[in-house]
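query31.cif (mmCIF, C-alpha atoms) appears below.
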data_my_file
#
loop_
_atom_site.group_PDB
_atom_site.id
_atom_site.type_symbol
_atom_site.label_atom_id
_atom_site.label_comp_id
_atom_site.auth_asym_id
_atom_site.auth_seq_id
_atom_site.Cartn_x
_atom_site.Cartn_y
_atom_site.Cartn_z
ATOM 1 C CA MET Z 1 0.000 0.000 0.000
ATOM 2 C CA ASP Z 2 2.856 2.338 0.894
ATOM 3 C CA ALA Z 3 4.505 1.531 -2.433
ATOM 4 C CA LEU Z 4 1.289 2.315 -4.271
ATOM 5 C CA ILE Z 5 0.975 5.695 -2.566
ATOM 6 C CA PHE Z 6 4.639 6.394 -3.290
ATOM 7 C CA MET Z 7 4.138 5.459 -6.936
ATOM 8 C CA MET Z 8 1.101 7.710 -7.244
ATOM 9 C CA ILE Z 9 2.926 10.692 -5.727
ATOM 10 C CA VAL Z 10 6.010 10.225 -7.902
ATOM 11 C CA SER Z 11 3.921 9.674 -11.044
ATOM 12 C CA GLY Z 12 2.037 12.861 -10.256
ATOM 13 C CA ALA Z 13 5.301 14.766 -9.933
ATOM 14 C CA ALA Z 14 6.498 13.273 -13.233
ATOM 15 C CA SER Z 15 3.271 14.290 -14.961
ATOM 16 C CA LEU Z 16 3.681 17.812 -13.621
ATOM 17 C CA LEU Z 17 7.236 17.946 -14.976
ATOM 18 C CA LEU Z 18 6.058 16.759 -18.388
ATOM 19 C CA PHE Z 19 3.293 19.370 -18.386
ATOM 20 C CA VAL Z 20 5.729 22.162 -17.496
ATOM 21 C CA SER Z 21 8.246 21.037 -20.114
ATOM 22 C CA GLY Z 22 5.462 20.932 -22.708
ATOM 23 C CA LEU Z 23 4.468 24.499 -21.851
ATOM 24 C CA PHE Z 24 8.073 25.633 -21.972
ATOM 25 C CA ALA Z 25 8.732 23.898 -25.285
ATOM 26 C CA THR Z 26 5.737 25.513 -26.983
ATOM 27 C CA SER Z 27 6.332 28.978 -25.534
ATOM 28 C CA THR Z 28 7.672 31.698 -27.813
ATOM 29 C CA ASN Z 29 10.471 34.116 -27.070
ATOM 30 C CA ASN Z 30 8.078 37.050 -27.204
ATOM 31 C CA GLN Z 31 10.499 39.726 -26.077
ATOM 32 C CA LEU Z 32 13.171 38.664 -28.555
ATOM 33 C CA ILE Z 33 10.638 38.361 -31.367
ATOM 34 C CA THR Z 34 9.400 41.877 -30.574
ATOM 35 C CA ILE Z 35 12.939 43.254 -30.647
ATOM 36 C CA TYR Z 36 13.629 41.493 -33.939
ATOM 37 C CA ASN Z 37 10.452 42.826 -35.568
ATOM 38 C CA TYR Z 38 11.292 46.398 -34.587
ATOM 39 C CA GLU Z 39 14.859 45.905 -35.825
ATOM 40 C CA TYR Z 40 13.488 44.575 -39.102
ATOM 41 C CA GLY Z 41 11.104 47.526 -39.521
ATOM 42 C CA THR Z 42 13.727 50.136 -38.700
ATOM 43 C CA ASN Z 43 16.277 48.615 -41.065
ATOM 44 C CA ALA Z 44 13.690 48.273 -43.830
ATOM 45 C CA LEU Z 45 12.873 51.989 -43.514
ATOM 46 C CA ILE Z 46 16.574 52.838 -43.736
ATOM 47 C CA ALA Z 47 17.019 50.509 -46.727
ATOM 48 C CA MET Z 48 14.106 52.147 -48.532
ATOM 49 C CA HIS Z 49 15.940 55.463 -48.380
ATOM 50 C CA TYR Z 50 18.393 53.903 -50.822
ATOM 51 C CA ALA Z 51 15.813 52.157 -53.012
ATOM 52 C CA LYS Z 52 15.220 53.083 -56.622
ATOM 53 C CA ASP Z 53 12.117 52.557 -58.715
ATOM 54 C CA MET Z 54 12.002 51.038 -62.201
ATOM 55 C CA ASP Z 55 12.968 54.345 -63.783
ATOM 56 C CA GLY Z 56 16.052 54.553 -61.587
ATOM 57 C CA ASN Z 57 14.612 57.385 -59.504
ATOM 58 C CA TRP Z 58 15.014 57.405 -55.746
ATOM 59 C CA PHE Z 59 11.913 55.767 -54.292
ATOM 60 C CA TRP Z 60 11.850 57.968 -51.224
ATOM 61 C CA ASN Z 61 12.078 61.203 -53.216
ATOM 62 C CA GLU Z 62 9.348 60.105 -55.613
ATOM 63 C CA LEU Z 63 7.103 59.079 -52.758
ATOM 64 C CA ARG Z 64 7.648 62.367 -50.957
ATOM 65 C CA HIS Z 65 6.954 64.305 -54.144
ATOM 66 C CA LYS Z 66 3.734 62.404 -54.789
ATOM 67 C CA LEU Z 67 2.573 62.855 -51.217
ATOM 68 C CA ILE Z 68 3.212 66.584 -51.318
ATOM 69 C CA MET Z 69 1.627 66.952 -54.748
ATOM 70 C CA ARG Z 70 -1.248 64.689 -53.651
ATOM 71 C CA GLU Z 71 -0.739 62.379 -56.610
ATOM 72 C CA SER Z 72 -1.840 58.755 -56.531
ATOM 73 C CA ILE Z 73 0.471 56.658 -54.387
ATOM 74 C CA LYS Z 74 -1.361 53.459 -55.258
ATOM 75 C CA THR Z 75 -0.629 53.879 -58.952
ATOM 76 C CA TYR Z 76 3.034 54.424 -58.160
ATOM 77 C CA LEU Z 77 3.293 51.481 -55.735
ATOM 78 C CA ASP Z 78 1.389 49.218 -58.145
ATOM 79 C CA GLY Z 79 3.594 50.271 -61.023
ATOM 80 C CA LYS Z 80 7.088 51.652 -61.018
ATOM 81 C CA ALA Z 81 7.726 51.041 -57.320
ATOM 82 C CA LEU Z 82 6.221 47.561 -57.173
ATOM 83 C CA SER Z 83 9.638 45.926 -56.915
ATOM 84 C CA VAL Z 84 10.378 47.968 -53.775
ATOM 85 C CA TYR Z 85 7.236 46.688 -52.091
ATOM 86 C CA GLN Z 86 7.919 43.138 -53.316
ATOM 87 C CA ASN Z 87 11.406 43.294 -51.802
ATOM 88 C CA LEU Z 88 9.843 44.418 -48.552
ATOM 89 C CA THR Z 89 7.382 41.525 -48.334
ATOM 90 C CA TYR Z 90 9.941 39.013 -49.593
ATOM 91 C CA SER Z 91 12.342 39.807 -46.770
ATOM 92 C CA SER Z 92 9.751 40.470 -44.078
ATOM 93 C CA PRO Z 93 9.170 37.932 -41.305
ATOM 94 C CA ALA Z 94 5.442 38.744 -41.626
ATOM 95 C CA GLY Z 95 5.467 38.054 -45.388
ATOM 96 C CA ALA Z 96 2.330 39.245 -47.153
ATOM 97 C CA ASN Z 97 1.069 40.722 -43.888
ATOM 98 C CA THR Z 98 3.536 43.566 -44.265
ATOM 99 C CA PHE Z 99 1.934 46.933 -44.933
ATOM 100 C CA LEU Z 100 3.173 50.365 -45.842
ATOM 101 C CA CYS Z 101 0.960 52.834 -44.031
ATOM 102 C CA PHE Z 102 0.748 56.579 -44.284
ATOM 103 C CA ASN Z 103 -0.187 58.634 -41.297
ATOM 104 C CA GLY Z 104 -1.172 61.988 -42.754
ATOM 105 C CA ALA Z 105 -3.083 62.745 -45.874
ATOM 106 C CA PRO Z 106 -2.215 60.278 -48.602
ATOM 107 C CA THR Z 107 -4.180 60.090 -51.789
ATOM 108 C CA GLY Z 108 -5.077 57.258 -54.084
ATOM 109 C CA LEU Z 109 -5.474 54.724 -51.286
ATOM 110 C CA ASP Z 110 -8.745 53.190 -50.136
ATOM 111 C CA GLY Z 111 -7.439 53.063 -46.597
ATOM 112 C CA ASP Z 112 -4.366 54.384 -44.883
ATOM 113 C CA CYS Z 113 -2.217 51.437 -45.875
ATOM 114 C CA TYR Z 114 -0.838 49.782 -48.968
ATOM 115 C CA PRO Z 115 -1.962 47.250 -49.972
ATOM 116 C CA THR Z 116 -5.510 47.617 -48.704
ATOM 117 C CA ASN Z 117 -6.827 44.388 -47.282
ATOM 118 C CA PRO Z 118 -10.414 44.323 -45.957
ATOM 119 C CA ASN Z 119 -9.856 40.929 -44.329
ATOM 120 C CA LEU Z 120 -6.980 42.319 -42.330
ATOM 121 C CA LEU Z 121 -9.112 45.132 -40.968
ATOM 122 C CA GLU Z 122 -11.532 42.556 -39.586
ATOM 123 C CA ASP Z 123 -8.744 40.569 -37.929
ATOM 124 C CA ALA Z 124 -6.536 43.503 -36.949
ATOM 125 C CA ALA Z 125 -8.016 43.806 -33.465
ATOM 126 C CA THR Z 126 -6.980 40.289 -32.587
ATOM 127 C CA MET Z 127 -3.577 40.428 -34.286
ATOM 128 C CA THR Z 128 -0.227 41.546 -32.927
ATOM 129 C CA VAL Z 129 1.166 44.481 -34.832
ATOM 130 C CA TYR Z 130 4.725 45.787 -34.859
ATOM 131 C CA ALA Z 131 5.110 49.254 -36.334
ATOM 132 C CA SER Z 132 8.191 51.278 -37.194
ATOM 133 C CA SER Z 133 7.797 54.766 -38.583
ATOM 134 C CA VAL Z 134 9.696 57.690 -40.022
ATOM 135 C CA LYS Z 135 8.640 61.156 -41.176
ATOM 136 C CA ILE Z 136 8.779 61.604 -44.932
ATOM 137 C CA THR Z 137 7.371 65.141 -44.789
ATOM 138 C CA PRO Z 138 6.739 67.264 -41.704
ATOM 139 C CA ASP Z 139 3.092 66.151 -41.820
ATOM 140 C CA ILE Z 140 3.247 62.590 -43.049
ATOM 141 C CA ASP Z 141 4.737 59.503 -41.430
ATOM 142 C CA ILE Z 142 5.509 56.333 -43.303
ATOM 143 C CA ILE Z 143 4.893 53.307 -41.128
ATOM 144 C CA ILE Z 144 5.892 49.719 -41.757
ATOM 145 C CA LYS Z 145 3.381 47.494 -40.013
ATOM 146 C CA LEU Z 146 3.939 43.796 -39.508
ATOM 147 C CA TYR Z 147 0.783 41.865 -38.621
ATOM 148 C CA TYR Z 148 0.841 38.425 -37.022
ATOM 149 C CA MET G 149 16.854 -19.508 27.869
ATOM 150 C CA PRO G 150 20.088 -21.112 26.619
ATOM 151 C CA ALA G 151 21.440 -19.724 23.360
ATOM 152 C CA LYS G 152 21.466 -23.103 21.656
ATOM 153 C CA LEU G 153 17.767 -23.631 22.326
ATOM 154 C CA GLN G 154 16.933 -20.126 21.135
ATOM 155 C CA PHE G 155 18.780 -20.737 17.855
ATOM 156 C CA SER G 156 16.985 -24.014 17.458
ATOM 157 C CA GLY G 157 13.654 -22.205 17.837
ATOM 158 C CA PHE G 158 14.602 -19.695 15.171
ATOM 159 C CA ARG G 159 15.533 -22.478 12.729
ATOM 160 C CA LEU G 160 12.220 -24.169 13.340
ATOM 161 C CA GLU G 161 10.367 -20.905 12.710
ATOM 162 C CA LEU G 162 12.372 -20.337 9.502
ATOM 163 C CA GLN G 163 11.586 -23.837 8.348
ATOM 164 C CA ARG G 164 7.903 -23.230 9.029
ATOM 165 C CA VAL G 165 7.887 -20.025 7.062
ATOM 166 C CA ARG G 166 9.770 -21.613 4.160
ATOM 167 C CA ASN G 167 7.217 -24.364 3.988
ATOM 168 C CA MET G 168 4.400 -21.814 3.686
ATOM 169 C CA LYS G 169 2.705 -21.803 0.261
ATOM 170 C CA GLY G 170 3.735 -18.876 -1.992
ATOM 171 C CA PHE G 171 6.819 -17.839 -0.065
ATOM 172 C CA VAL G 172 9.648 -16.906 -2.501
ATOM 173 C CA GLY G 173 12.234 -15.583 -0.111
ATOM 174 C CA PRO G 174 12.634 -12.386 1.907
ATOM 175 C CA ILE G 175 13.358 -10.224 -1.201
ATOM 176 C CA GLY G 176 11.098 -12.171 -3.478
ATOM 177 C CA ASP G 177 8.223 -11.561 -1.146
ATOM 178 C CA ASP G 178 8.665 -7.790 -1.547
ATOM 179 C CA LEU G 179 9.175 -7.972 -5.315
ATOM 180 C CA PRO G 180 5.811 -6.436 -6.306
ATOM 181 C CA THR G 181 6.507 -3.495 -4.027
ATOM 182 C CA ILE G 182 10.042 -3.028 -5.364
ATOM 183 C CA VAL G 183 8.827 -3.150 -8.980
ATOM 184 C CA ALA G 184 6.284 -0.410 -8.281
ATOM 185 C CA ILE G 185 8.883 1.760 -6.538
ATOM 186 C CA LEU G 186 11.460 1.268 -9.296
ATOM 187 C CA LEU G 187 8.888 2.052 -11.971
ATOM 188 C CA ALA G 188 7.897 5.246 -10.193
ATOM 189 C CA ILE G 189 11.512 6.337 -9.713
ATOM 190 C CA GLY G 190 12.307 5.497 -13.362
ATOM 191 C CA LEU G 191 9.331 7.514 -14.581
ATOM 192 C CA PHE G 192 10.236 10.463 -12.399
ATOM 193 C CA PHE G 193 13.872 10.650 -13.457
ATOM 194 C CA SER G 194 13.000 10.149 -17.135
ATOM 195 C CA SER G 195 10.626 13.105 -16.888
ATOM 196 C CA LEU G 196 13.224 15.160 -15.055
ATOM 197 C CA ILE G 197 15.905 14.475 -17.683
ATOM 198 C CA TYR G 198 13.433 15.222 -20.494
ATOM 199 C CA THR G 199 12.407 18.509 -18.839
ATOM 200 C CA LEU G 200 16.014 19.573 -18.326
ATOM 201 C CA ASP G 201 16.750 18.715 -21.963
ATOM 202 C CA ILE G 202 13.835 20.855 -23.169
ATOM 203 C CA TYR G 203 14.902 23.695 -20.873
ATOM 204 C CA ASN G 204 18.519 23.601 -22.082
ATOM 205 C CA GLN G 205 17.442 23.499 -25.727
ATOM 206 C CA LYS G 206 15.137 26.474 -25.228
ATOM 207 C CA MET G 207 17.851 28.459 -23.473
ATOM 208 C CA VAL G 208 20.291 27.713 -26.310
ATOM 209 C CA ASP G 209 17.692 28.864 -28.865
ATOM 210 C CA MET G 210 17.049 32.097 -26.952
ATOM 211 C CA TYR G 211 20.753 32.730 -26.539
ATOM 212 C CA SER G 212 21.345 32.149 -30.269
ATOM 213 C CA MET G 213 18.493 34.469 -31.189
ATOM 214 C CA LYS G 214 19.745 37.212 -28.883
ATOM 215 C CA GLY G 215 23.233 36.825 -30.342
ATOM 216 C CA SER G 216 21.800 36.853 -33.861
ATOM 217 C CA ILE G 217 19.912 40.114 -33.226
ATOM 218 C CA GLU G 218 23.065 41.760 -31.884
ATOM 219 C CA ILE G 219 25.178 40.500 -34.782
ATOM 220 C CA GLY G 220 22.522 41.789 -37.186
ATOM 221 C CA ARG G 221 22.667 45.178 -35.502
ATOM 222 C CA ALA G 222 26.441 45.278 -35.938
ATOM 223 C CA VAL G 223 26.251 44.268 -39.623
ATOM 224 C CA LEU G 224 23.482 46.768 -40.416
ATOM 225 C CA GLU G 225 24.823 49.613 -38.322
ATOM 226 C CA SER G 226 26.039 51.663 -41.289
ATOM 227 C CA GLY G 227 22.644 51.548 -43.056
ATOM 228 C CA LEU G 228 24.222 50.891 -46.429
ATOM 229 C CA VAL G 229 25.769 47.429 -46.198
ATOM 230 C CA SER G 230 29.175 46.915 -47.732
ATOM 231 C CA ASP G 231 30.848 44.495 -45.301
ATOM 232 C CA LEU G 232 29.033 41.360 -44.140
ATOM 233 C CA ASN G 233 31.676 40.539 -41.537
ATOM 234 C CA PRO G 234 32.588 43.758 -39.740
ATOM 235 C CA PRO G 235 34.921 43.433 -36.737
ATOM 236 C CA ALA G 236 32.088 44.365 -34.350
ATOM 237 C CA ALA G 237 29.980 41.401 -35.553
ATOM 238 C CA LYS G 238 32.922 39.023 -35.166
ATOM 239 C CA TYR G 239 33.530 40.348 -31.661
ATOM 240 C CA ILE G 240 29.877 39.840 -30.663
ATOM 241 C CA ALA G 241 29.841 36.324 -32.125
ATOM 242 C CA LYS G 242 32.987 35.507 -30.163
ATOM 243 C CA SER G 243 31.582 36.908 -26.933
ATOM 244 C CA TYR G 244 28.439 34.781 -27.363
ATOM 245 C CA ALA G 245 30.542 31.761 -28.404
ATOM 246 C CA LEU G 246 28.394 31.525 -31.531
ATOM 247 C CA ASN G 247 29.199 30.756 -35.133
ATOM 248 C CA TYR G 248 27.454 32.970 -37.624
ATOM 249 C CA SER G 249 27.054 33.424 -41.305
ATOM 250 C CA ALA G 250 25.686 36.540 -42.994
ATOM 251 C CA TYR G 251 24.665 36.124 -46.616
ATOM 252 C CA TYR G 252 22.357 37.439 -49.281
ATOM 253 C CA ASP G 253 19.694 35.020 -50.424
ATOM 254 C CA ASP G 254 21.312 34.284 -53.767
ATOM 255 C CA GLN G 255 24.525 33.367 -51.944
ATOM 256 C CA ALA G 256 23.057 30.850 -49.498
ATOM 257 C CA ARG G 257 25.537 28.190 -50.687
ATOM 258 C CA ASP G 258 29.309 28.410 -50.819
ATOM 259 C CA SER G 259 31.416 27.696 -53.903
ATOM 260 C CA ALA G 260 31.385 23.955 -53.103
ATOM 261 C CA GLY G 261 27.571 23.929 -53.015
ATOM 262 C CA ARG G 262 27.331 23.505 -49.269
ATOM 263 C CA LYS G 263 24.711 25.419 -47.296
ATOM 264 C CA LYS G 264 26.166 28.359 -45.377
ATOM 265 C CA CYS G 265 23.500 27.942 -42.730
ATOM 266 C CA PRO G 266 23.237 24.541 -41.026
ATOM 267 C CA ASP G 267 19.856 23.040 -40.257
ATOM 268 C CA ASN G 268 18.393 23.843 -36.835
ATOM 269 C CA SER G 269 20.131 27.202 -36.668
ATOM 270 C CA VAL G 270 18.523 30.562 -35.951
ATOM 271 C CA ARG G 271 17.890 32.577 -39.115
ATOM 272 C CA LEU G 272 16.794 36.200 -39.094
ATOM 273 C CA SER G 273 16.258 38.131 -42.319
ATOM 274 C CA TYR G 274 16.439 41.847 -43.010
ATOM 275 C CA LEU G 275 15.791 44.162 -45.918
ATOM 276 C CA VAL G 276 19.018 46.000 -46.640
ATOM 277 C CA ALA G 277 20.437 48.363 -49.191
ATOM 278 C CA VAL G 278 23.674 47.037 -50.596
ATOM 279 C CA ASN G 279 26.376 49.320 -51.919
ATOM 280 C CA GLU G 280 27.264 47.759 -55.272
ATOM 281 C CA VAL G 281 28.288 48.961 -58.702
ATOM 282 C CA GLY G 282 25.240 50.570 -60.317
ATOM 283 C CA GLY G 283 23.428 50.429 -56.967
ATOM 284 C CA PRO G 284 22.542 50.658 -54.226
ATOM 285 C CA TYR G 285 20.197 47.677 -54.469
ATOM 286 C CA LEU G 286 17.651 46.288 -52.064
ATOM 287 C CA ARG G 287 18.422 42.735 -51.019
ATOM 288 C CA ARG G 288 17.405 40.259 -48.392
ATOM 289 C CA LEU G 289 20.156 39.600 -45.878
ATOM 290 C CA THR G 290 20.013 36.575 -43.604
ATOM 291 C CA ILE G 291 21.959 36.300 -40.377
ATOM 292 C CA CYS G 292 22.329 32.673 -39.373
ATOM 293 C CA THR G 293 23.682 31.691 -35.962
ATOM 294 C CA TRP G 294 24.368 28.286 -34.470
#
Encoding of this model in structure tokens:
Amino acid sequence: MDALIFMMIVSGAASLLLFVSGLFATSTNNQLITIYNYEYGTNALIAMHYAKDMDGNWFWNELRHKLIMRESIKTYLDGKALSVYQNLTYSSPAGANTFLCFNGAPTGLDGDCYPTNPNLLEDAATMTVYASSVKITPDIDIIIKLYY
Amino acid sequence: MPAKLQFSGFRLELQRVRNMKGFVGPIGDDLPTIVAILLAIGLFFSSLIYTLDIYNQKMVDMYSMKGSIEIGRAVLESGLVSDLNPPAAKYIAKSYALNYSAYYDDQARDSAGRKKCPDNSVRLSYLVAVNEVGGPYLRRLTICTW
């Protein structure tokens, strides 16, 4: 009887250990992942300063010009600057859930972000978002948002 | 009572016990109990070793990722990447006792066709501007640590 009680106690302790190890194994390094996502966003913004569009013009300058002149950003990002956005999503840890957002008064966009994704708006409240931003004009910020 | 008589009594008692049905010896009699105890101890220590193994693996992963982020910061510090192995990155890798490899995606294999990044290593990618002839160009840079 004593052996049975001993076995039950020890088995219980073993089960607890297995449960804890399972939790630990499936846990994510949230703090490190957060740091990495911000590092990615900041570096991507810096890299885009050096990006050129298909015509060989500086992406950043063109974007600034179009924002100031209130020309269509969507047309530009869908056309001559598409490769810049493709490079961004290709390298991003969030993949296709990487958005270029404009905090200010952009034109030619259905929402504040490129590309516009109605499904994302529905899920955005439940998703984790990492955002890195920089001012492109005194009034307008460009924000890279990574949704998970 | 004389010692000889006492010993004789003990032998008689032992003989009586041995003749009892189902008796398999002093240890044999406790065998079911010992098996249960050994099983329980075996299960406990197996779980303990497994848990420690998981813990160590997780700590190694976290350490590698932290090292990888710091190496990435050193490589990308200048904004416009021209050197994939700056002294600062080598120093950080050494201080973390990590091996690392920084490469652009189209250079993921060395000249002999071997992967620069071993399996089960930590890989973090960045969008970088690379200072090249006719550039700069946007490229995907991967920092791999193991």
Find the residues in chain Z near chain G: any atom within 8 Å counts, using only C-alpha atoms. Write them as a PyMOL selection string. chain Z and resi 3-4+6-8+10-11+13-15+17-18+20-21+24-25+29+32+36+39-40+43-44+46-48+50-52+84+87-88+90-93
Between atom CA of G:Lys242 and atom CA of G:Val223, what is the distance in Å, rounded to a tenth? 14.5 Å
Would you place a box with edges along x, y and z of the file around all atoms of stretch 44-52 of chain Z listed there, add 6 Å to each of its six sides, and report the centre and edge lengths in Å to one decimal, as AutoDock Vina command-line options?
--center_x 15.6 --center_y 51.9 --center_z -50.1 --size_x 17.5 --size_y 19.2 --size_z 25.1
For a test of reading the model, state the distance in Å between atom CA of G:Ser230 and atom CA of Z:Thr42, rounded to one decimal. 18.2 Å
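The interatomic distance for the pair atom CA of Z:Ile142 and atom CA of Z:Phe102 works out to 4.9 Å.
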What residues have an atom no more than 6 Å from (5.8, 44.7, -49.3) in the file's own frame, counting all atoms listed in the file, and can you write them as a PyMOL selection string? chain Z and resi 85-86+88-89+98
Got a sec to resolve the PyMOL selection byres ((chain Z and resi 104) around 8) on this structure and send the residues as a PyMOL selection string? chain Z and resi 102-103+105-106+139-141
Tell me, as a list in words, which residues lie within 6 Å of stretch 62-74 of chain Z, counting only C-alpha atoms; anything in the same chain fewer than 4 positions away does not count. Asp78, Thr107, Gly108 and Leu109 of chain Z
Using the chain letters and numbers from the file, which residues does the PyMOL selection byres ((chain G and resi 249) around 6) grab, as JSON, numbers by chain? {"G": [248, 250, 291, 292]}
Your completed stretch 194-202 of chain G with all heavy atoms, as a short mmCIF file (atom, residue, chain, number, x, y, z; two decimals), keeping the file's coordinate frame:
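Contents of the output file part_30.cif:
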data_model
loop_
_atom_site.label_atom_id
_atom_site.label_comp_id
_atom_site.auth_asym_id
_atom_site.auth_seq_id
_atom_site.Cartn_x
_atom_site.Cartn_y
_atom_site.Cartn_z
N SER G 194 13.13 9.96 -15.68
CA SER G 194 13.00 10.15 -17.14
C SER G 194 12.37 11.50 -17.43
O SER G 194 12.83 12.24 -18.30
CB SER G 194 12.13 9.05 -17.75
OG SER G 194 12.62 7.81 -17.40
N SER G 195 11.31 11.82 -16.69
CA SER G 195 10.63 13.10 -16.89
C SER G 195 11.55 14.26 -16.55
O SER G 195 11.58 15.28 -17.25
CB SER G 195 9.38 13.20 -16.01
OG SER G 195 8.56 12.11 -16.24
N LEU G 196 12.30 14.10 -15.48
CA LEU G 196 13.22 15.16 -15.06
C LEU G 196 14.29 15.41 -16.13
O LEU G 196 14.57 16.56 -16.50
CB LEU G 196 13.88 14.77 -13.72
CG LEU G 196 14.71 15.86 -13.05
CD1 LEU G 196 13.81 16.99 -12.58
CD2 LEU G 196 15.47 15.29 -11.87
N ILE G 197 14.86 14.33 -16.65
CA ILE G 197 15.90 14.48 -17.68
C ILE G 197 15.31 15.10 -18.95
O ILE G 197 15.91 15.98 -19.56
CB ILE G 197 16.54 13.09 -17.97
CG1 ILE G 197 17.38 12.66 -16.77
CG2 ILE G 197 17.40 13.14 -19.23
CD1 ILE G 197 17.79 11.21 -16.78
N TYR G 198 14.11 14.67 -19.30
CA TYR G 198 13.43 15.22 -20.49
C TYR G 198 13.18 16.72 -20.31
O TYR G 198 13.44 17.53 -21.20
CB TYR G 198 12.12 14.47 -20.71
CG TYR G 198 11.28 14.99 -21.84
CD1 TYR G 198 11.65 14.76 -23.17
CD2 TYR G 198 10.13 15.73 -21.60
CE1 TYR G 198 10.88 15.25 -24.21
CE2 TYR G 198 9.36 16.23 -22.63
CZ TYR G 198 9.74 15.98 -23.93
OH TYR G 198 9.00 16.47 -24.95
N THR G 199 12.70 17.09 -19.12
CA THR G 199 12.41 18.51 -18.84
C THR G 199 13.68 19.35 -18.89
O THR G 199 13.69 20.43 -19.48
CB THR G 199 11.75 18.65 -17.44
OG1 THR G 199 10.61 17.81 -17.41
CG2 THR G 199 11.34 20.07 -17.15
N LEU G 200 14.75 18.84 -18.30
CA LEU G 200 16.01 19.57 -18.33
C LEU G 200 16.52 19.73 -19.76
O LEU G 200 17.07 20.77 -20.13
CB LEU G 200 17.06 18.84 -17.47
CG LEU G 200 16.85 18.96 -15.95
CD1 LEU G 200 17.89 18.12 -15.22
CD2 LEU G 200 16.95 20.41 -15.50
N ASP G 201 16.33 18.68 -20.57
CA ASP G 201 16.75 18.72 -21.96
C ASP G 201 15.99 19.80 -22.73
O ASP G 201 16.58 20.59 -23.47
CB ASP G 201 16.50 17.34 -22.58
CG ASP G 201 17.19 17.20 -23.92
OD1 ASP G 201 18.35 17.64 -24.00
OD2 ASP G 201 16.58 16.66 -24.86
N ILE G 202 14.68 19.84 -22.51
CA ILE G 202 13.84 20.86 -23.17
C ILE G 202 14.28 22.25 -22.73
O ILE G 202 14.42 23.17 -23.54
CB ILE G 202 12.34 20.65 -22.78
CG1 ILE G 202 11.82 19.34 -23.34
CG2 ILE G 202 11.48 21.83 -23.18
CD1 ILE G 202 11.31 19.40 -24.74
#
